[in-house]
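S.K.: Pasting in a structure now, in structure tokens, and then I'll have a few things to ask.
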Amino acid sequence: MRPDPHSYADDAQPRTRHLDLDLRPDFETRTLRAETTLHLSEPGQGHFDLDTRGLAIESVELPGGSQLRFDLAREEPILGARLRIHLPEGTRAVRIRSTASRDATALQWLEPAQTAGKKRPFLYTQCQPIHARSLVPLQDTPGIRITYRARLHVPEGMRALMAAARNGPNDFQMPEPIPPYLIAFAAGDLESRELSARCAVWAEPSVVPDAAWEFAGIENIMAAAEGLFGKYAWERFDVLVLPPSFPYGGMENPRLAFLTPSIVAGDRSLVNVVAHELSHAWTGNLVTNLSANDFWLNEGFTVYAERRILEALEGRDRSELHAAVGRQELTAALRRFDARPELTRLRNDLAGIDPDEAYSSVPYEKGYLLLRHLEETVGRARWDSFLREYLDRFRFQSLATQDFLDFLEERLPGIADRAGVLRYVDAPGVPDDAPAPRAERLEEVLALAARDEVPAEADPTELLLYLHALRSPSRATCEAIEARYRIGTRRSLELRTAFAVAQLRAGMPEGIEEARRIALGIGRMKFLRAIYTELHSKPPTRDAARRIFEEARGTYHPIAAQVVESILRG
């Protein structure tokens, strides 16, 4: 059987327990040569199926050198190509030599001109959800956790980094079992600055000072997280600020989280993204979803954990404002899936659907609402006790939604029925009685937006909430916002994107030009989706959307380019 609809891994076959990787990126040809040794959890024989995408398989052999027969099937649009190896009896390990193509979806190669320093090329990976198979052949499912050791060969003068413990300059080891999507590396002109005994920030040299200032409070975030969820299990929490093309706000790769430069806003207003990626150390990396069908077990829990950390550090009202912004993003996602409401359930059946296509804020924010609803139903003290037990019981394991529901019934009998949990899990949309954020400032800001009035003062979070709430702003309102808050001169792309959308809704040509500047300067999908969706939604600006995309396409990660293409086809 294949329990994960996005993997050829068969649970009747042996599981991989450890990988030895020898990786040689070639910056001239933009290919990655790899020697991958898969160590099996038990001796195997017969068929052994692995996931690949766009890989050239050069040889398959036993570690001693004996060649093995293999079949590489034709590529499927979502899954890639199944690599079937024929194992002799008693096989404990297999060595595969392969080359990843220049179109590998997990890799982005940047020319020196696309970096901050303009001196050296840059390379980074993004393997979630199912892109590790474009690097090396493996069982690319979060249901099979692995340890690994890796050697990463890069040109002289470049720094190699990996989300793993460092044994030497280019030698890395991941001692804890992780899902394959957390394999991550980068190479470029990189420097670091220590933030605490267990935290450092890495970035290009010109970016390091600003990033170090932005994330100076990272140890306080870690202390708050440990107070809530228990001891940090991954030794270090370093962060790498990537070039602007990185398609996400962050990626929770253990020991070295990847972050977008867009959160280096110069005002420390977006460190909630750091809190989110750190929270994944418990919810996602320590306890992981079994497949993309249960993605909310990663992201819903992590949003809940992130907001509990913010509450501990900044107070309840501040975390409630963040929850309100999240609810606005959820409402937008529900509108986007209006014709496909089944994709707004928490427990999904994504067979035949690309998980990148199904990606949205639904598992994040609807999952958060369910967990908050459970907390409010049983009380915080009982819920916190349950959460600690949950994290301990499933430590370094991957589980399905039903595993969570069974544990909930075991530890808190009857609560699932009392709270109507299945309305969140298996029904589309959001229940009418879902928790709503409550804060005095929240109501004031939303009331001003409803009246198309400009706040006399607002901090960055309040201003973002206000801009998102403007449904049909007038030109006069947008001009007054710019006069008071000078958003066009700010570094925060959260605010600049939200304001560009408001300008577009007001029919202002200035909004098109600002949308273009943002689209050319950042590859984060959150901003690209907002800008291109707004441009494409009205006939007068559709041509502008296509022109901007053609101009910017070459700077985007393949995942982001695919998202924009899907918007423009709509």
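Each chain in the structure tokens gets a letter, A, B and so on, in the order shown; residues start at 1 in every chain, and ligands are counted from 1 in the order they appear.
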Taking the DSSP secondary structure from the backbone, can you list the residues of region 125-170 of chain A that are strand (DSSP E), as a list in words?
M.R.: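 DSSP on the backbone gives strand (DSSP E) at Thr125, Ile146, Thr147, Tyr148, Arg149, Ala150, Arg151, Leu152, Arg159, Ala160, Leu161, Met162, Ala165, Arg166, Asn167 and Gly168 of chain A.
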S.K.: Within 10 Å of region 349-355 of chain A, counting only C-alpha atoms, which residues show up once you throw out same-chain ones fewer than 4 positions away? Write them as an MDAnalysis selection string, please.
M.R.: chainID A and resid 4:6 77:79 128:130 291:295 342:343 345 359:360
S.K.: Residues as selected, N, CA, C and O atoms, written as a CSV table (one decimal), in the first residue's frame, can you do that?
M.R.:
chain,number,residue,atom,x,y,z
A,4,ASP,N,0.8,7.5,1.5
A,4,ASP,CA,0.9,8.9,1.2
A,4,ASP,C,0.6,9.1,-0.3
A,4,ASP,O,1.2,8.5,-1.2
A,5,PRO,N,-0.5,9.8,-0.6
A,5,PRO,CA,-0.9,10.0,-2.0
A,5,PRO,C,0.1,10.7,-2.9
A,5,PRO,O,0.0,10.7,-4.1
A,6,HIS,N,1.1,11.3,-2.3
A,6,HIS,CA,2.2,12.0,-3.0
A,6,HIS,C,3.5,11.4,-3.0
A,6,HIS,O,4.5,12.0,-3.3
A,77,PRO,N,2.8,14.0,-13.8
A,77,PRO,CA,2.8,15.5,-13.6
A,77,PRO,C,3.1,15.9,-12.2
A,77,PRO,O,3.7,16.9,-11.9
A,78,ILE,N,2.5,15.2,-11.2
A,78,ILE,CA,2.6,15.7,-9.8
A,78,ILE,C,3.7,14.8,-9.0
A,78,ILE,O,4.6,15.4,-8.4
A,79,LEU,N,3.7,13.6,-9.2
A,79,LEU,CA,4.5,12.7,-8.4
A,79,LEU,C,6.0,12.6,-8.9
A,79,LEU,O,6.9,12.2,-8.2
A,128,GLN,N,10.1,21.4,0.9
A,128,GLN,CA,8.6,21.2,1.2
A,128,GLN,C,7.8,21.7,0.1
A,128,GLN,O,8.0,22.7,-0.5
A,129,PRO,N,6.7,21.0,-0.2
A,129,PRO,CA,6.2,19.7,0.4
A,129,PRO,C,6.8,18.5,-0.2
A,129,PRO,O,7.1,17.5,0.5
A,130,ILE,N,7.0,18.4,-1.6
A,130,ILE,CA,7.4,17.1,-2.2
A,130,ILE,C,8.5,17.4,-3.2
A,130,ILE,O,8.5,16.9,-4.3
A,291,SER,N,1.2,13.1,6.0
A,291,SER,CA,1.2,13.4,4.6
A,291,SER,C,0.5,14.8,4.5
A,291,SER,O,0.1,15.4,5.5
A,292,ALA,N,0.5,15.3,3.2
A,292,ALA,CA,-0.1,16.6,3.0
A,292,ALA,C,-1.6,16.6,3.3
A,292,ALA,O,-2.1,17.7,3.5
A,293,ASN,N,-2.2,15.5,3.4
A,293,ASN,CA,-3.6,15.4,3.8
A,293,ASN,C,-3.9,16.0,5.2
A,293,ASN,O,-5.0,16.4,5.5
A,294,ASP,N,-2.8,16.0,6.0
A,294,ASP,CA,-2.9,16.4,7.4
A,294,ASP,C,-2.0,17.6,7.7
A,294,ASP,O,-1.5,17.7,8.9
A,295,PHE,N,-1.8,18.4,6.8
A,295,PHE,CA,-0.9,19.5,6.9
A,295,PHE,C,-1.2,20.4,8.1
A,295,PHE,O,-0.3,21.1,8.7
A,342,GLU,N,-14.0,21.8,-0.8
A,342,GLU,CA,-13.4,20.7,-0.2
A,342,GLU,C,-11.9,21.0,0.3
A,342,GLU,O,-11.4,20.3,1.2
A,343,LEU,N,-11.3,21.9,-0.4
A,343,LEU,CA,-9.9,22.3,0.0
A,343,LEU,C,-9.8,23.2,1.2
A,343,LEU,O,-8.7,23.6,1.7
A,345,ARG,N,-11.2,22.1,4.1
A,345,ARG,CA,-11.3,21.2,5.3
A,345,ARG,C,-9.9,21.1,5.9
A,345,ARG,O,-8.9,21.3,5.2
A,359,TYR,N,-2.0,24.7,-1.4
A,359,TYR,CA,-1.5,25.5,-0.3
A,359,TYR,C,-2.2,26.8,-0.1
A,359,TYR,O,-2.5,27.5,-1.0
A,360,SER,N,-2.5,27.1,1.2
A,360,SER,CA,-3.2,28.3,1.5
A,360,SER,C,-3.1,28.6,3.0
A,360,SER,O,-2.5,27.8,3.7
S.K.: What is the CA of Lys366 (chain A) to CA of Val430 (chain A) distance in Å?
M.R.: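 Separation of CA of Lys366 (chain A) and CA of Val430 (chain A): 7.0 Å.
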S.K.: Quick check, in Å to one decimal: how far apart do CA of Val362 (chain A) and CA of Ala81 (chain A) lie?
M.R.: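 Between these atoms lies a distance of 29.7 Å.
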S.K.: Could you pull out the alpha helix (DSSP H) residues of region 227-315 of chain A from DSSP and send them as JSON, numbers by chain?
M.R.: {"A": [227, 228, 229, 272, 273, 274, 275, 276, 277, 278, 279, 296, 297, 298, 299, 300, 301, 302, 303, 304, 305, 306, 307, 308, 309, 310, 311, 312, 313, 314]}
S.K.: Keeping N, CA and C atoms, export the residues of the selection given above as a PDB file, in the first residue's frame.
M.R.:
ATOM      1  N   GLY A 227       9.290  27.639  27.908  1.00  0.00           N
ATOM      2  CA  GLY A 227       8.395  27.709  29.052  1.00  0.00           C
ATOM      3  C   GLY A 227       7.019  27.147  28.755  1.00  0.00           C
ATOM      4  N   LEU A 228       6.616  27.245  27.512  1.00  0.00           N
ATOM      5  CA  LEU A 228       5.301  26.749  27.112  1.00  0.00           C
ATOM      6  C   LEU A 228       5.316  25.287  26.687  1.00  0.00           C
ATOM      7  N   PHE A 229       6.355  24.865  25.943  1.00  0.00           N
ATOM      8  CA  PHE A 229       6.299  23.579  25.243  1.00  0.00           C
ATOM      9  C   PHE A 229       7.381  22.586  25.638  1.00  0.00           C
ATOM     10  N   ASN A 272       7.272  37.931  14.604  1.00  0.00           N
ATOM     11  CA  ASN A 272       6.338  36.817  14.762  1.00  0.00           C
ATOM     12  C   ASN A 272       6.661  35.695  13.780  1.00  0.00           C
ATOM     13  N   VAL A 273       7.279  36.032  12.629  1.00  0.00           N
ATOM     14  CA  VAL A 273       7.688  35.001  11.680  1.00  0.00           C
ATOM     15  C   VAL A 273       8.775  34.129  12.304  1.00  0.00           C
ATOM     16  N   VAL A 274       9.707  34.748  13.049  1.00  0.00           N
ATOM     17  CA  VAL A 274      10.721  33.976  13.754  1.00  0.00           C
ATOM     18  C   VAL A 274      10.064  33.098  14.808  1.00  0.00           C
ATOM     19  N   ALA A 275       9.098  33.637  15.539  1.00  0.00           N
ATOM     20  CA  ALA A 275       8.378  32.839  16.533  1.00  0.00           C
ATOM     21  C   ALA A 275       7.677  31.655  15.879  1.00  0.00           C
ATOM     22  N   HIS A 276       7.158  31.872  14.672  1.00  0.00           N
ATOM     23  CA  HIS A 276       6.479  30.792  13.950  1.00  0.00           C
ATOM     24  C   HIS A 276       7.468  29.686  13.581  1.00  0.00           C
ATOM     25  N   GLU A 277       8.592  30.063  12.980  1.00  0.00           N
ATOM     26  CA  GLU A 277       9.558  29.032  12.565  1.00  0.00           C
ATOM     27  C   GLU A 277      10.159  28.323  13.775  1.00  0.00           C
ATOM     28  N   LEU A 278      10.394  29.038  14.859  1.00  0.00           N
ATOM     29  CA  LEU A 278      10.869  28.394  16.079  1.00  0.00           C
ATOM     30  C   LEU A 278       9.835  27.429  16.625  1.00  0.00           C
ATOM     31  N   SER A 279       8.568  27.805  16.604  1.00  0.00           N
ATOM     32  CA  SER A 279       7.510  26.923  17.118  1.00  0.00           C
ATOM     33  C   SER A 279       7.489  25.589  16.390  1.00  0.00           C
ATOM     34  N   TRP A 296      -2.455  20.494   8.461  1.00  0.00           N
ATOM     35  CA  TRP A 296      -2.848  21.370   9.556  1.00  0.00           C
ATOM     36  C   TRP A 296      -2.200  20.950  10.871  1.00  0.00           C
ATOM     37  N   LEU A 297      -1.836  19.675  11.002  1.00  0.00           N
ATOM     38  CA  LEU A 297      -1.173  19.235  12.227  1.00  0.00           C
ATOM     39  C   LEU A 297       0.182  19.929  12.386  1.00  0.00           C
ATOM     40  N   ASN A 298       0.809  20.292  11.279  1.00  0.00           N
ATOM     41  CA  ASN A 298       2.014  21.117  11.345  1.00  0.00           C
ATOM     42  C   ASN A 298       1.659  22.583  11.569  1.00  0.00           C
ATOM     43  N   GLU A 299       0.859  23.129  10.681  1.00  0.00           N
ATOM     44  CA  GLU A 299       0.717  24.581  10.625  1.00  0.00           C
ATOM     45  C   GLU A 299      -0.302  25.151  11.604  1.00  0.00           C
ATOM     46  N   GLY A 300      -1.417  24.466  11.810  1.00  0.00           N
ATOM     47  CA  GLY A 300      -2.387  24.967  12.787  1.00  0.00           C
ATOM     48  C   GLY A 300      -1.794  25.001  14.186  1.00  0.00           C
ATOM     49  N   PHE A 301      -1.097  23.925  14.561  1.00  0.00           N
ATOM     50  CA  PHE A 301      -0.444  23.883  15.863  1.00  0.00           C
ATOM     51  C   PHE A 301       0.625  24.967  15.963  1.00  0.00           C
ATOM     52  N   THR A 302       1.336  25.222  14.860  1.00  0.00           N
ATOM     53  CA  THR A 302       2.425  26.192  14.907  1.00  0.00           C
ATOM     54  C   THR A 302       1.905  27.617  15.018  1.00  0.00           C
ATOM     55  N   VAL A 303       0.831  27.942  14.325  1.00  0.00           N
ATOM     56  CA  VAL A 303       0.235  29.268  14.489  1.00  0.00           C
ATOM     57  C   VAL A 303      -0.259  29.440  15.926  1.00  0.00           C
ATOM     58  N   TYR A 304      -0.888  28.396  16.472  1.00  0.00           N
ATOM     59  CA  TYR A 304      -1.332  28.463  17.871  1.00  0.00           C
ATOM     60  C   TYR A 304      -0.137  28.705  18.787  1.00  0.00           C
ATOM     61  N   ALA A 305       0.952  27.950  18.594  1.00  0.00           N
ATOM     62  CA  ALA A 305       2.143  28.100  19.432  1.00  0.00           C
ATOM     63  C   ALA A 305       2.756  29.486  19.260  1.00  0.00           C
ATOM     64  N   GLU A 306       2.829  29.964  18.028  1.00  0.00           N
ATOM     65  CA  GLU A 306       3.380  31.301  17.749  1.00  0.00           C
ATOM     66  C   GLU A 306       2.632  32.365  18.534  1.00  0.00           C
ATOM     67  N   ARG A 307       1.310  32.288  18.552  1.00  0.00           N
ATOM     68  CA  ARG A 307       0.518  33.335  19.227  1.00  0.00           C
ATOM     69  C   ARG A 307       0.576  33.196  20.740  1.00  0.00           C
ATOM     70  N   ARG A 308       0.778  31.992  21.224  1.00  0.00           N
ATOM     71  CA  ARG A 308       0.991  31.849  22.666  1.00  0.00           C
ATOM     72  C   ARG A 308       2.335  32.473  23.061  1.00  0.00           C
ATOM     73  N   ILE A 309       3.353  32.320  22.211  1.00  0.00           N
ATOM     74  CA  ILE A 309       4.650  32.945  22.480  1.00  0.00           C
ATOM     75  C   ILE A 309       4.507  34.461  22.463  1.00  0.00           C
ATOM     76  N   LEU A 310       3.811  35.002  21.454  1.00  0.00           N
ATOM     77  CA  LEU A 310       3.622  36.457  21.374  1.00  0.00           C
ATOM     78  C   LEU A 310       2.854  36.967  22.586  1.00  0.00           C
ATOM     79  N   GLU A 311       1.876  36.219  23.040  1.00  0.00           N
ATOM     80  CA  GLU A 311       1.127  36.616  24.230  1.00  0.00           C
ATOM     81  C   GLU A 311       2.042  36.673  25.449  1.00  0.00           C
ATOM     82  N   ALA A 312       2.933  35.676  25.576  1.00  0.00           N
ATOM     83  CA  ALA A 312       3.860  35.655  26.710  1.00  0.00           C
ATOM     84  C   ALA A 312       4.834  36.829  26.659  1.00  0.00           C
ATOM     85  N   LEU A 313       5.234  37.230  25.452  1.00  0.00           N
ATOM     86  CA  LEU A 313       6.232  38.280  25.313  1.00  0.00           C
ATOM     87  C   LEU A 313       5.637  39.681  25.262  1.00  0.00           C
ATOM     88  N   GLU A 314       4.477  39.832  24.632  1.00  0.00           N
ATOM     89  CA  GLU A 314       3.957  41.165  24.341  1.00  0.00           C
ATOM     90  C   GLU A 314       2.564  41.417  24.890  1.00  0.00           C
TER      91      GLU A 314
END
S.K.: Sorted by chain and rising residue number, which residues of region 318-408 of chain A lie within 12 Å of region 444-459 of chain A, and what are their closest atom pairs and distances in Å to one decimal, counting only C-alpha atoms, as JSON lines?
M.R.:
{"residue": "A:Arg318", "atom": "CA", "partner": "A:Asp459", "partner_atom": "CA", "distance": 10.8}
{"residue": "A:Leu321", "atom": "CA", "partner": "A:Val445", "partner_atom": "CA", "distance": 10.1}
{"residue": "A:Ala324", "atom": "CA", "partner": "A:Leu446", "partner_atom": "CA", "distance": 10.0}
{"residue": "A:Val325", "atom": "CA", "partner": "A:Leu446", "partner_atom": "CA", "distance": 11.0}
{"residue": "A:Gln328", "atom": "CA", "partner": "A:Leu446", "partner_atom": "CA", "distance": 11.2}
S.K.: Skipping near chain neighbours, those fewer than 4 positions away, what residues fall within 10 Å of region 149-165 of chain A using only C-alpha atoms, listed as a tab-separated table (two decimals) with N, CA, C and O atoms, in the first residue's frame?
M.R.:
chain	number	residue	atom	x	y	z
A	18	HIS	N	18.43	6.04	7.28
A	18	HIS	CA	19.55	6.97	7.27
A	18	HIS	C	20.03	7.18	5.84
A	18	HIS	O	20.01	6.24	5.02
A	19	LEU	N	20.45	8.39	5.52
A	19	LEU	CA	21.04	8.71	4.23
A	19	LEU	C	22.48	9.18	4.42
A	19	LEU	O	22.78	9.94	5.35
A	20	ASP	N	23.36	8.73	3.54
A	20	ASP	CA	24.68	9.33	3.38
A	20	ASP	C	24.67	10.05	2.03
A	20	ASP	O	24.39	9.43	1.00
A	21	LEU	N	24.96	11.33	2.06
A	21	LEU	CA	24.86	12.16	0.86
A	21	LEU	C	26.20	12.78	0.52
A	21	LEU	O	26.89	13.31	1.40
A	22	ASP	N	26.56	12.72	-0.75
A	22	ASP	CA	27.71	13.45	-1.27
A	22	ASP	C	27.18	14.32	-2.40
A	22	ASP	O	26.75	13.81	-3.45
A	23	LEU	N	27.18	15.64	-2.19
A	23	LEU	CA	26.48	16.56	-3.08
A	23	LEU	C	27.47	17.52	-3.73
A	23	LEU	O	28.28	18.17	-3.03
A	24	ARG	N	27.40	17.63	-5.07
A	24	ARG	CA	28.32	18.47	-5.81
A	24	ARG	C	27.53	19.39	-6.76
A	24	ARG	O	27.24	19.03	-7.90
A	25	PRO	N	27.18	20.58	-6.27
A	25	PRO	CA	26.51	21.54	-7.17
A	25	PRO	C	27.48	22.11	-8.18
A	25	PRO	O	28.63	22.44	-7.85
A	26	ASP	N	27.03	22.22	-9.43
A	26	ASP	CA	27.83	22.80	-10.51
A	26	ASP	C	27.15	24.11	-10.92
A	26	ASP	O	26.08	24.11	-11.54
A	27	PHE	N	27.76	25.23	-10.56
A	27	PHE	CA	27.14	26.53	-10.79
A	27	PHE	C	27.15	26.93	-12.27
A	27	PHE	O	26.37	27.80	-12.67
A	34	ALA	N	24.98	13.85	-7.33
A	34	ALA	CA	24.81	13.31	-5.98
A	34	ALA	C	25.11	11.83	-5.95
A	34	ALA	O	24.80	11.09	-6.89
A	35	GLU	N	25.72	11.42	-4.86
A	35	GLU	CA	25.84	10.01	-4.52
A	35	GLU	C	25.07	9.81	-3.23
A	35	GLU	O	25.40	10.41	-2.21
A	36	THR	N	24.03	9.02	-3.30
A	36	THR	CA	23.11	8.83	-2.18
A	36	THR	C	23.14	7.37	-1.75
A	36	THR	O	22.84	6.48	-2.55
A	37	THR	N	23.49	7.14	-0.49
A	37	THR	CA	23.42	5.79	0.07
A	37	THR	C	22.27	5.73	1.05
A	37	THR	O	22.24	6.49	2.03
A	120	ARG	N	29.31	36.83	-5.79
A	120	ARG	CA	29.32	35.39	-6.01
A	120	ARG	C	27.91	34.89	-6.27
A	120	ARG	O	26.94	35.49	-5.83
A	121	PRO	N	27.78	33.76	-6.94
A	121	PRO	CA	26.45	33.17	-7.11
A	121	PRO	C	25.91	32.65	-5.78
A	121	PRO	O	26.63	32.62	-4.77
A	122	PHE	N	24.67	32.24	-5.79
A	122	PHE	CA	24.01	31.77	-4.57
A	122	PHE	C	23.14	30.58	-4.95
A	122	PHE	O	22.57	30.53	-6.04
A	123	LEU	N	23.03	29.65	-4.04
A	123	LEU	CA	22.18	28.47	-4.24
A	123	LEU	C	21.49	28.15	-2.94
A	123	LEU	O	22.10	28.19	-1.87
A	124	TYR	N	20.20	27.85	-3.02
A	124	TYR	CA	19.49	27.37	-1.83
A	124	TYR	C	18.42	26.37	-2.24
A	124	TYR	O	18.01	26.30	-3.41
A	125	THR	N	17.97	25.60	-1.26
A	125	THR	CA	16.97	24.57	-1.50
A	125	THR	C	15.64	24.93	-0.84
A	125	THR	O	15.60	25.70	0.13
A	169	PRO	N	34.11	21.97	7.76
A	169	PRO	CA	33.70	23.06	6.87
A	169	PRO	C	32.59	22.70	5.89
A	169	PRO	O	31.72	23.51	5.62
A	170	ASN	N	32.62	21.48	5.36
A	170	ASN	CA	31.60	21.07	4.39
A	170	ASN	C	30.99	19.72	4.74
A	170	ASN	O	30.47	19.02	3.88
A	171	ASP	N	31.06	19.37	6.02
A	171	ASP	CA	30.62	18.05	6.49
A	171	ASP	C	29.54	18.26	7.55
A	171	ASP	O	29.77	18.97	8.54
A	172	PHE	N	28.38	17.65	7.33
A	172	PHE	CA	27.23	17.91	8.19
A	172	PHE	C	26.57	16.61	8.61
A	172	PHE	O	26.65	15.60	7.90
A	173	GLN	N	25.85	16.68	9.73
A	173	GLN	CA	25.17	15.50	10.24
A	173	GLN	C	23.87	15.91	10.91
A	173	GLN	O	23.83	16.87	11.70
A	174	MET	N	22.80	15.20	10.59
A	174	MET	CA	21.51	15.39	11.25
A	174	MET	C	21.26	14.16	12.12
A	174	MET	O	20.87	13.11	11.61
A	175	PRO	N	21.48	14.24	13.44
A	175	PRO	CA	21.35	13.06	14.29
A	175	PRO	C	19.91	12.72	14.66
A	175	PRO	O	19.63	11.59	15.07
A	176	GLU	N	19.00	13.70	14.56
A	176	GLU	CA	17.61	13.44	14.90
A	176	GLU	C	16.83	13.02	13.64
A	176	GLU	O	17.08	13.55	12.56
A	182	LEU	N	12.70	18.35	5.24
A	182	LEU	CA	13.53	19.24	6.05
A	182	LEU	C	15.02	19.16	5.69
A	182	LEU	O	15.84	19.81	6.34
A	183	ILE	N	15.38	18.37	4.69
A	183	ILE	CA	16.74	18.43	4.17
A	183	ILE	C	16.92	19.80	3.50
A	183	ILE	O	16.12	20.18	2.64
A	184	ALA	N	17.95	20.54	3.91
A	184	ALA	CA	18.09	21.89	3.38
A	184	ALA	C	19.55	22.31	3.38
A	184	ALA	O	20.29	22.01	4.32
A	185	PHE	N	19.95	23.01	2.32
A	185	PHE	CA	21.30	23.57	2.29
A	185	PHE	C	21.31	24.85	1.48
A	185	PHE	O	20.36	25.16	0.73
A	186	ALA	N	22.38	25.61	1.65
A	186	ALA	CA	22.58	26.85	0.91
A	186	ALA	C	24.07	27.07	0.73
A	186	ALA	O	24.89	26.54	1.48
A	187	ALA	N	24.43	27.84	-0.28
A	187	ALA	CA	25.83	28.17	-0.52
A	187	ALA	C	25.90	29.55	-1.15
A	187	ALA	O	25.10	29.88	-2.03
A	188	GLY	N	26.85	30.35	-0.67
A	188	GLY	CA	27.01	31.68	-1.22
A	188	GLY	C	28.03	32.47	-0.43
A	188	GLY	O	28.82	31.90	0.34
A	189	ASP	N	28.00	33.76	-0.59
A	189	ASP	CA	28.86	34.67	0.17
A	189	ASP	C	28.15	34.97	1.48
A	189	ASP	O	27.30	35.87	1.54
A	190	LEU	N	28.48	34.24	2.52
A	190	LEU	CA	27.71	34.27	3.76
A	190	LEU	C	28.61	34.52	4.97
A	190	LEU	O	29.72	34.01	5.04
A	191	GLU	N	28.08	35.30	5.90
A	191	GLU	CA	28.73	35.55	7.17
A	191	GLU	C	27.72	35.36	8.29
A	191	GLU	O	26.51	35.31	8.05
A	202	TRP	N	22.80	34.16	9.97
A	202	TRP	CA	23.63	34.09	8.77
A	202	TRP	C	22.95	34.89	7.66
A	202	TRP	O	21.72	34.89	7.53
A	234	TRP	N	16.82	20.57	19.53
A	234	TRP	CA	17.64	20.56	18.32
A	234	TRP	C	19.00	21.24	18.51
A	234	TRP	O	19.66	21.57	17.54
A	235	GLU	N	19.42	21.45	19.74
A	235	GLU	CA	20.73	21.99	20.09
A	235	GLU	C	20.88	23.46	19.74
A	235	GLU	O	21.08	24.29	20.61
A	236	ARG	N	20.82	23.84	18.46
A	236	ARG	CA	20.95	25.23	18.06
A	236	ARG	C	19.73	25.68	17.27
A	236	ARG	O	19.04	24.87	16.65
A	237	PHE	N	19.51	27.00	17.32
A	237	PHE	CA	18.49	27.62	16.46
A	237	PHE	C	19.13	28.81	15.76
A	237	PHE	O	19.09	29.94	16.22
A	238	ASP	N	19.80	28.49	14.65
A	238	ASP	CA	20.37	29.53	13.80
A	238	ASP	C	19.37	29.88	12.72
A	238	ASP	O	18.48	29.09	12.37
A	239	VAL	N	19.50	31.09	12.17
A	239	VAL	CA	18.62	31.51	11.08
A	239	VAL	C	19.46	32.01	9.92
A	239	VAL	O	20.52	32.61	10.12
A	240	LEU	N	18.99	31.75	8.73
A	240	LEU	CA	19.64	32.19	7.49
A	240	LEU	C	18.69	33.11	6.75
A	240	LEU	O	17.59	32.69	6.37
A	252	GLU	N	11.13	26.06	8.29
A	252	GLU	CA	11.51	25.64	9.63
A	252	GLU	C	12.62	24.60	9.67
A	252	GLU	O	12.66	23.78	10.60
A	253	ASN	N	13.50	24.58	8.71
A	253	ASN	CA	14.56	23.58	8.69
A	253	ASN	C	15.26	23.53	10.04
A	253	ASN	O	15.74	24.57	10.51
A	254	PRO	N	15.34	22.36	10.68
A	254	PRO	CA	15.88	22.30	12.04
A	254	PRO	C	17.35	22.70	12.09
A	254	PRO	O	18.11	22.42	11.17
A	255	ARG	N	17.70	23.41	13.14
A	255	ARG	CA	19.05	23.91	13.39
A	255	ARG	C	19.43	25.10	12.52
A	255	ARG	O	20.35	25.83	12.85
A	256	LEU	N	18.74	25.29	11.39
A	256	LEU	CA	19.02	26.44	10.53
A	256	LEU	C	17.75	26.82	9.79
A	256	LEU	O	17.51	26.36	8.66
A	257	ALA	N	16.93	27.65	10.40
A	257	ALA	CA	15.69	28.08	9.75
A	257	ALA	C	16.01	29.07	8.64
A	257	ALA	O	16.88	29.93	8.79
A	258	PHE	N	15.32	28.94	7.52
A	258	PHE	CA	15.46	29.87	6.40
A	258	PHE	C	14.40	30.97	6.55
A	258	PHE	O	13.23	30.69	6.84
S.K.: CA of Ala132 (chain A) to CA of Pro3 (chain A): how many Å, to one decimal?
M.R.: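 Answer for the CA of Ala132 (chain A) to CA of Pro3 (chain A) separation: 18.1 Å.
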S.K.: May I ask which of the residues A:Leu371, A:Cys478, A:Val241, A:Ala333 is the closest one to Ala506 (chain A), counting only C-alpha atoms?
M.R.: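 Between A:Leu371, A:Cys478, A:Val241, A:Ala333, the residue approaching Ala506 (chain A) most closely is A:Cys478.
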S.K.: What's the 10 Å shell around Pro14 (chain A), counting only C-alpha atoms, without same-chain residues fewer than 2 positions away, as a ChimeraX atom specification?
M.R.: /A:9-12,16-17,39-49,91-92
S.K.: Please list as a list in words every residue within 10 Å of His373 (chain A), counting only C-alpha atoms and excluding residues in the same chain fewer than 4 positions away.
M.R.: Gly367, Tyr368, Leu369, Thr377, Val378, Gly379, Ala419, Gly420, Val421, Asp433, Ala434, Pro435 and Ala436 of chain A
